[in-house]
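Enquirer: Sharing a structure below in structure tokens format, with a few things to ask.
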Amino acid sequence: MIITACIAAFASARATHHHPRADISACKLAANLDVYLSAGFGYEANCAPSTGTLSAFMIFVDFIDEQAIETPQSLYDFFLPAAAEWYATSSYGALALNVTADTSRFYRMPAAATSYGWERGLSSATHQKYIQDALDAYGETIPPTDVLYVVPTANAAAISFSPTFMGDKSVTFGLDAYKTWKYLVLNHETGHTMCLPDYYPFNGSATGLYIGGWDLMGLISGPSPDYFAWDKWRLGWLSDEQIDCVAEAGSTTHTLTPLGTTGGSKAVVIKHNSTDALVAELRSANGLDFASCSTGMLLYTVSTITETGEGPVRVLDATPGSGGCLGDELNDAPLSLKGTASYTVPGWGINVTIVSEAGDGVEIAVEVS
């Protein structure tokens, strides 16, 4: 049976600003094309579409040594429609994930699961062979699609994790989806197909080293998994009118509405230089961040010359030494009138101070020296 899930897009609200702004183009830091998955604007690597409809095709596989004991439909239901609804919410309706799946059967891979050597450091060649074996096992023509999802039986312990092959935008799921990350691993890996980097460290340090649990491109199971406003802007989910740009020395004030709500101004981007910026955004327990253990004005730096896995985005901790919450020091990083209300970025000459909190909006003052 071929089934299709599609969460339809709806129009994103536009914000009106009531104070002067710098030319927005000044804050659209250009991607460095020599940096893999650079966090700047204009990165080109055959990225999947991030607005309109992203089409995906899903097939299910098992192995002679690790055979399926469930149905393909049960695994489809594990991921969808929840993952598509996540994108509809995070994108304010700008992106519809449309997944067509062949749930008629599991297709038997030509080699044993243990033969693929599925371990950290999986080579591109080995990964590509696994994907080709899945396509050969399927044996049918894949319809035109933006992303291929290869879903193994949950009984395949040897397929231990879920990487993305960027060459042809294929996501190969693994045991970590079923045991740890649940359906959100699809949103993380599909984020890579749209050219988003990893925000967790590749050096083996704690997953939350750079950003805590503030974006699922870092810790997938974090309490505040919604994408950063910076990436929503890059993906086309936030309009230029919803971003305030500060590119010169001086004092400005800005009123932001929560990232998890539709409409209004969502972020202030303060340009530091041609490759680095500070971003302020208001995080609340709304929408996808309903499990947040701390809310307020989140500050983080963006570097377009820092590679994926090395901290291209780094959350700034307004409450250092607090112990954090829900297992990570950075999970209570935001500024708030109930706690720390002002933060100066070391070495950058930038200070952000909360002026007032009223209703769904927070006013901040930005000082750039």
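For the structure tokens, the naming scheme is as follows: chains receive sequential letters (A, B, ...) according to their order of presentation, residues are indexed from 1 within each chain, and ligands are indexed from 1 in presentation order.
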I need the residues in stretch 64-257 of chain A that are helix (DSSP H, G or I) according to DSSP; give them as JSON, numbers by chain.
Expert: {"A": [72, 73, 74, 75, 76, 77, 78, 79, 82, 83, 84, 85, 86, 87, 88, 89, 90, 113, 114, 115, 116, 124, 125, 126, 127, 128, 129, 130, 131, 132, 133, 134, 135, 136, 137, 138, 175, 176, 177, 178, 179, 180, 181, 184, 185, 186, 187, 188, 189, 190, 191, 192, 193, 229, 230, 231, 232, 233, 234, 235, 240, 241, 242]}
Enquirer: Excluding same-chain residues fewer than 3 positions from stretch 217-224 of chain A, what lies within 10 Å of it counting only C-alpha atoms, as a PyMOL selection string?
Expert: chain A and resi 180-189+191-192+196-201+206-214+227-228+283-295+309+311+313+325-328+331
Enquirer: Check the smallest atom-to-atom distance from each of A:Ala56, A:Lys266, A:Thr141, A:Gln73 to A:Val171 using only C-alpha atoms, then report the winner.
Expert: A:Ala56
Enquirer: Which residues are near stretch 255-262 of chain A? Cut-off 10 Å, only C-alpha atoms, ignore same chain within fewer than 6 positions. Put them as an MDAnalysis selection string.
Expert: chainID A and resid 12:15 17:19 89:93 226:229 232 238 242:244 268 280:290 295:297 354:357 359:365
Enquirer: Could you name the residues that touch A:His272 at 9 Å or less, counting only C-alpha atoms, but leaving out those on the same chain fewer than 6 positions away, as a compact mmCIF listing (two decimals) with C-alpha atoms, in the first residue's frame?
Expert:
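Writing done, so here's out33.txt:
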# COMPACT_ATOMS: atom_id res chain seq x y z
CA ALA A 247 24.98 46.98 12.62
CA GLU A 248 26.44 50.15 14.14
CA LEU A 278 24.86 38.03 18.38
CA TRP A 348 32.35 42.22 21.81
CA GLY A 349 31.29 45.54 23.33
CA ILE A 350 27.63 44.52 23.25
Enquirer: With only C-alpha atoms as the atoms that count, which of A:Leu80, A:Val99, A:Met166, A:Cys195 lies nearest to A:Thr308?
Expert: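 The answer is A:Cys195, which sits nearest to A:Thr308.
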Enquirer: Near stretch 44-55 of chain A, counting only C-alpha atoms, which residues have an atom at most 8 Å away, once you skip same-chain residues fewer than 3 positions from it, shown as number ranges by chain?
Expert: A: 9, 33, 94-100, 145-147, 169, 193-195, 235-237
Enquirer: Produce a file of the selected residues containing all heavy atoms, as a short mmCIF file (atom, residue, chain, number, x, y, z; two decimals), in the first residue's frame.
Expert:
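again_39.cif was written with the following content:
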data_model
loop_
_atom_site.label_atom_id
_atom_site.label_comp_id
_atom_site.auth_asym_id
_atom_site.auth_seq_id
_atom_site.Cartn_x
_atom_site.Cartn_y
_atom_site.Cartn_z
N ALA A 9 0.67 23.82 4.45
CA ALA A 9 1.22 25.09 4.91
C ALA A 9 0.11 26.13 5.01
O ALA A 9 -0.90 26.04 4.33
CB ALA A 9 2.30 25.58 3.95
N LEU A 33 31.50 29.28 1.82
CA LEU A 33 31.29 28.06 1.06
C LEU A 33 32.43 27.06 1.22
O LEU A 33 32.32 25.91 0.77
CB LEU A 33 31.07 28.39 -0.41
CG LEU A 33 29.87 29.30 -0.70
CD1 LEU A 33 29.67 29.48 -2.19
CD2 LEU A 33 28.61 28.77 -0.04
N ALA A 94 5.04 27.56 6.93
CA ALA A 94 5.77 27.85 5.70
C ALA A 94 6.27 26.58 5.00
O ALA A 94 6.56 26.61 3.80
CB ALA A 94 6.97 28.76 6.00
N LEU A 95 6.39 25.47 5.76
CA LEU A 95 6.90 24.22 5.18
C LEU A 95 5.92 23.09 5.43
O LEU A 95 5.51 22.86 6.58
CB LEU A 95 8.26 23.86 5.79
CG LEU A 95 8.86 22.53 5.31
CD1 LEU A 95 9.21 22.61 3.81
CD2 LEU A 95 10.10 22.15 6.12
N ALA A 96 5.58 22.37 4.37
CA ALA A 96 4.76 21.17 4.47
C ALA A 96 5.63 19.97 4.12
O ALA A 96 6.18 19.91 3.01
CB ALA A 96 3.56 21.25 3.55
N LEU A 97 5.79 19.03 5.05
CA LEU A 97 6.52 17.79 4.79
C LEU A 97 5.52 16.77 4.24
O LEU A 97 4.57 16.38 4.94
CB LEU A 97 7.16 17.27 6.07
CG LEU A 97 7.86 15.91 5.97
CD1 LEU A 97 9.04 15.97 4.99
CD2 LEU A 97 8.33 15.43 7.34
N ASN A 98 5.73 16.35 3.02
CA ASN A 98 4.83 15.44 2.32
C ASN A 98 5.56 14.11 2.13
O ASN A 98 6.46 14.02 1.30
CB ASN A 98 4.41 16.04 0.97
CG ASN A 98 3.37 15.23 0.24
OD1 ASN A 98 3.18 14.05 0.51
ND2 ASN A 98 2.71 15.86 -0.72
N VAL A 99 5.19 13.10 2.90
CA VAL A 99 5.89 11.81 2.87
C VAL A 99 5.00 10.76 2.22
O VAL A 99 3.89 10.48 2.69
CB VAL A 99 6.27 11.34 4.29
CG1 VAL A 99 7.02 10.00 4.23
CG2 VAL A 99 7.12 12.40 4.98
N THR A 100 5.49 10.18 1.15
CA THR A 100 4.85 9.03 0.52
C THR A 100 5.60 7.78 0.95
O THR A 100 6.84 7.76 0.92
CB THR A 100 4.86 9.17 -1.01
OG1 THR A 100 4.16 10.36 -1.37
CG2 THR A 100 4.21 7.97 -1.67
N THR A 145 11.53 12.96 -5.84
CA THR A 145 11.42 13.28 -4.42
C THR A 145 12.60 14.12 -3.98
O THR A 145 13.68 14.07 -4.59
CB THR A 145 11.32 11.99 -3.58
OG1 THR A 145 10.94 12.29 -2.25
CG2 THR A 145 12.65 11.24 -3.57
N ASP A 146 12.42 14.88 -2.91
CA ASP A 146 13.51 15.70 -2.38
C ASP A 146 14.41 14.91 -1.44
O ASP A 146 15.62 15.13 -1.40
CB ASP A 146 12.94 16.91 -1.63
CG ASP A 146 12.12 17.82 -2.52
OD1 ASP A 146 12.64 18.21 -3.58
OD2 ASP A 146 10.97 18.14 -2.16
N VAL A 147 13.81 14.00 -0.67
CA VAL A 147 14.55 13.25 0.35
C VAL A 147 14.07 11.80 0.35
O VAL A 147 12.86 11.54 0.21
CB VAL A 147 14.34 13.86 1.76
CG1 VAL A 147 15.06 13.03 2.83
CG2 VAL A 147 14.82 15.31 1.80
N LYS A 169 20.73 13.30 -0.52
CA LYS A 169 19.75 13.65 0.51
C LYS A 169 18.93 12.43 0.93
O LYS A 169 17.70 12.38 0.77
CB LYS A 169 18.88 14.80 0.04
CG LYS A 169 19.66 16.09 -0.24
CD LYS A 169 18.76 17.27 -0.48
CE LYS A 169 17.91 17.12 -1.70
NZ LYS A 169 18.71 17.06 -2.95
N THR A 193 19.25 17.85 5.57
CA THR A 193 19.00 17.90 4.13
C THR A 193 18.70 19.32 3.67
O THR A 193 18.90 19.66 2.51
CB THR A 193 17.85 16.97 3.71
OG1 THR A 193 16.59 17.50 4.14
CG2 THR A 193 18.05 15.57 4.25
N MET A 194 18.22 20.16 4.61
CA MET A 194 18.01 21.58 4.31
C MET A 194 19.27 22.39 4.62
O MET A 194 19.23 23.63 4.64
CB MET A 194 16.82 22.11 5.12
CG MET A 194 15.50 21.49 4.70
SD MET A 194 14.05 22.21 5.54
CE MET A 194 14.17 21.46 7.17
N CYS A 195 20.37 21.70 4.87
CA CYS A 195 21.71 22.27 5.07
C CYS A 195 21.90 22.94 6.43
O CYS A 195 22.75 23.83 6.59
CB CYS A 195 22.08 23.23 3.95
SG CYS A 195 22.25 22.39 2.34
N LEU A 235 15.97 29.81 6.72
CA LEU A 235 15.12 28.85 6.02
C LEU A 235 13.93 29.49 5.33
O LEU A 235 13.22 28.84 4.56
CB LEU A 235 14.62 27.78 7.01
CG LEU A 235 15.67 26.83 7.58
CD1 LEU A 235 15.08 26.00 8.70
CD2 LEU A 235 16.27 25.94 6.50
N GLY A 236 13.69 30.77 5.62
CA GLY A 236 12.56 31.45 5.01
C GLY A 236 11.28 31.37 5.81
O GLY A 236 10.20 31.70 5.32
N TRP A 237 11.39 30.93 7.07
CA TRP A 237 10.20 30.81 7.93
C TRP A 237 9.89 32.12 8.64
O TRP A 237 8.76 32.33 9.07
CB TRP A 237 10.40 29.70 8.95
CG TRP A 237 10.64 28.36 8.33
CD1 TRP A 237 10.56 28.02 7.02
CD2 TRP A 237 11.01 27.16 9.01
NE1 TRP A 237 10.86 26.69 6.82
CE2 TRP A 237 11.15 26.13 8.04
CE3 TRP A 237 11.25 26.85 10.35
CZ2 TRP A 237 11.49 24.84 8.36
CZ3 TRP A 237 11.60 25.54 10.68
CH2 TRP A 237 11.72 24.55 9.70
#
Enquirer: Can you pull out every residue within 7 Å of stretch 101-118 of chain A, counting only C-alpha atoms, but drop anything in the same chain fewer than 2 positions away, and send it as a ChimeraX atom specification?
Expert: /A:1-4,57-66,72-73,99,122,133-134,137-138,156,158-160
Enquirer: Could you write out that same residue set with C-alpha atoms as a compact mmCIF listing (two decimals), in the first residue's frame?
Expert:
# COMPACT_ATOMS: atom_id res chain seq x y z
CA MET A 1 0.00 0.00 0.00
CA ILE A 2 1.26 3.48 -0.86
CA ILE A 3 0.17 6.12 1.64
CA THR A 4 0.87 9.81 1.79
CA PHE A 57 9.69 8.85 -0.09
CA MET A 58 9.89 6.22 2.66
CA ILE A 59 10.80 2.55 2.26
CA PHE A 60 11.18 -0.15 4.92
CA VAL A 61 13.94 -2.77 5.05
CA ASP A 62 15.01 -5.75 7.12
CA PHE A 63 17.91 -8.24 7.08
CA ILE A 64 18.50 -11.97 7.03
CA ASP A 65 20.14 -11.78 10.47
CA GLU A 66 17.73 -9.20 11.95
CA PRO A 72 5.84 -1.27 8.11
CA GLN A 73 2.67 0.61 9.00
CA VAL A 99 5.89 11.81 2.87
CA LEU A 122 30.77 5.40 9.10
CA ASP A 133 21.41 -1.83 -1.41
CA ALA A 134 18.10 -0.54 -0.06
CA ALA A 137 16.10 -4.35 -2.64
CA TYR A 138 13.13 -2.10 -3.32
CA ALA A 156 17.99 -4.33 13.56
CA ALA A 158 23.32 -3.47 14.24
CA ILE A 159 21.96 -0.37 12.47
CA SER A 160 22.61 1.65 15.57
Enquirer: Quick check, in Å to one decimal: how far apart do atom CA of A:Ala84 and atom CA of A:Ser170 lie?
Expert: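 Answer for the atom CA of A:Ala84 to atom CA of A:Ser170 separation: 17.0 Å.
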Enquirer: Name the residues in contact with A:Pro346 at a cut-off of 12 Å, using only C-alpha atoms, excluding same-chain residues fewer than 4 positions from it; report them as a PyMOL selection string.
Expert: chain A and resi 278+301+316-318+350-352
Enquirer: Provide the atom CA of A:Phe79 to atom CA of A:Asn155 distance in Å, to one decimal place.
Expert: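 These two atoms are separated by 16.4 Å.
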Enquirer: Could you pull out the residues in stretch 21-104 of chain A that DSSP calls strand (DSSP E) from the backbone, as a PyMOL selection string?
Expert: chain A and resi 52-62+95-102
Enquirer: Store the residues of this selection in a file with N, CA, C and O atoms, as a compact mmCIF listing (two decimals), in the first residue's frame.
Expert:
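Okay, selection12.txt is ready:
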# COMPACT_ATOMS: atom_id res chain seq x y z
N GLY A 52 7.35 25.91 1.19
CA GLY A 52 6.48 25.21 0.27
C GLY A 52 6.36 23.76 0.69
O GLY A 52 6.09 23.46 1.86
N THR A 53 6.60 22.84 -0.23
CA THR A 53 6.48 21.40 0.06
C THR A 53 7.83 20.72 -0.06
O THR A 53 8.53 20.90 -1.06
N LEU A 54 8.21 19.99 0.97
CA LEU A 54 9.37 19.11 0.91
C LEU A 54 8.82 17.69 0.74
O LEU A 54 8.14 17.17 1.63
N SER A 55 9.10 17.08 -0.39
CA SER A 55 8.59 15.74 -0.69
C SER A 55 9.60 14.68 -0.30
O SER A 55 10.80 14.82 -0.58
N ALA A 56 9.12 13.63 0.34
CA ALA A 56 10.00 12.53 0.74
C ALA A 56 9.34 11.21 0.39
O ALA A 56 8.10 11.11 0.34
N PHE A 57 10.18 10.20 0.17
CA PHE A 57 9.69 8.85 -0.09
C PHE A 57 10.30 7.93 0.95
O PHE A 57 11.50 7.99 1.22
N MET A 58 9.46 7.07 1.55
CA MET A 58 9.89 6.22 2.66
C MET A 58 9.75 4.75 2.29
O MET A 58 8.68 4.31 1.83
N ILE A 59 10.85 4.00 2.46
CA ILE A 59 10.80 2.55 2.26
C ILE A 59 11.28 1.86 3.54
O ILE A 59 11.98 2.46 4.36
N PHE A 60 10.90 0.60 3.69
CA PHE A 60 11.18 -0.15 4.92
C PHE A 60 11.99 -1.40 4.56
O PHE A 60 11.67 -2.10 3.59
N VAL A 61 13.04 -1.66 5.35
CA VAL A 61 13.94 -2.77 5.05
C VAL A 61 14.17 -3.63 6.29
O VAL A 61 14.05 -3.16 7.42
N ASP A 62 14.51 -4.90 6.04
CA ASP A 62 15.01 -5.75 7.12
C ASP A 62 16.16 -6.60 6.58
O ASP A 62 16.61 -6.39 5.44
N LEU A 95 6.39 25.47 5.76
CA LEU A 95 6.90 24.22 5.18
C LEU A 95 5.92 23.09 5.43
O LEU A 95 5.51 22.86 6.58
N ALA A 96 5.58 22.37 4.37
CA ALA A 96 4.76 21.17 4.47
C ALA A 96 5.63 19.97 4.12
O ALA A 96 6.18 19.91 3.01
N LEU A 97 5.79 19.03 5.05
CA LEU A 97 6.52 17.79 4.79
C LEU A 97 5.52 16.77 4.24
O LEU A 97 4.57 16.38 4.94
N ASN A 98 5.73 16.35 3.02
CA ASN A 98 4.83 15.44 2.32
C ASN A 98 5.56 14.11 2.13
O ASN A 98 6.46 14.02 1.30
N VAL A 99 5.19 13.10 2.90
CA VAL A 99 5.89 11.81 2.87
C VAL A 99 5.00 10.76 2.22
O VAL A 99 3.89 10.48 2.69
N THR A 100 5.49 10.18 1.15
CA THR A 100 4.85 9.03 0.52
C THR A 100 5.60 7.78 0.95
O THR A 100 6.84 7.76 0.92
N ALA A 101 4.88 6.75 1.37
CA ALA A 101 5.54 5.55 1.91
C ALA A 101 4.96 4.29 1.29
O ALA A 101 3.74 4.18 1.08
N ASP A 102 5.83 3.35 1.01
CA ASP A 102 5.40 2.01 0.60
C ASP A 102 5.35 1.15 1.85
O ASP A 102 6.38 0.67 2.33
Enquirer: From the options A:Thr71, A:Thr304, A:Gln128, A:Thr190, which residue's atoms come nearest to A:Ala39, counting only C-alpha atoms?
Expert: A:Thr304
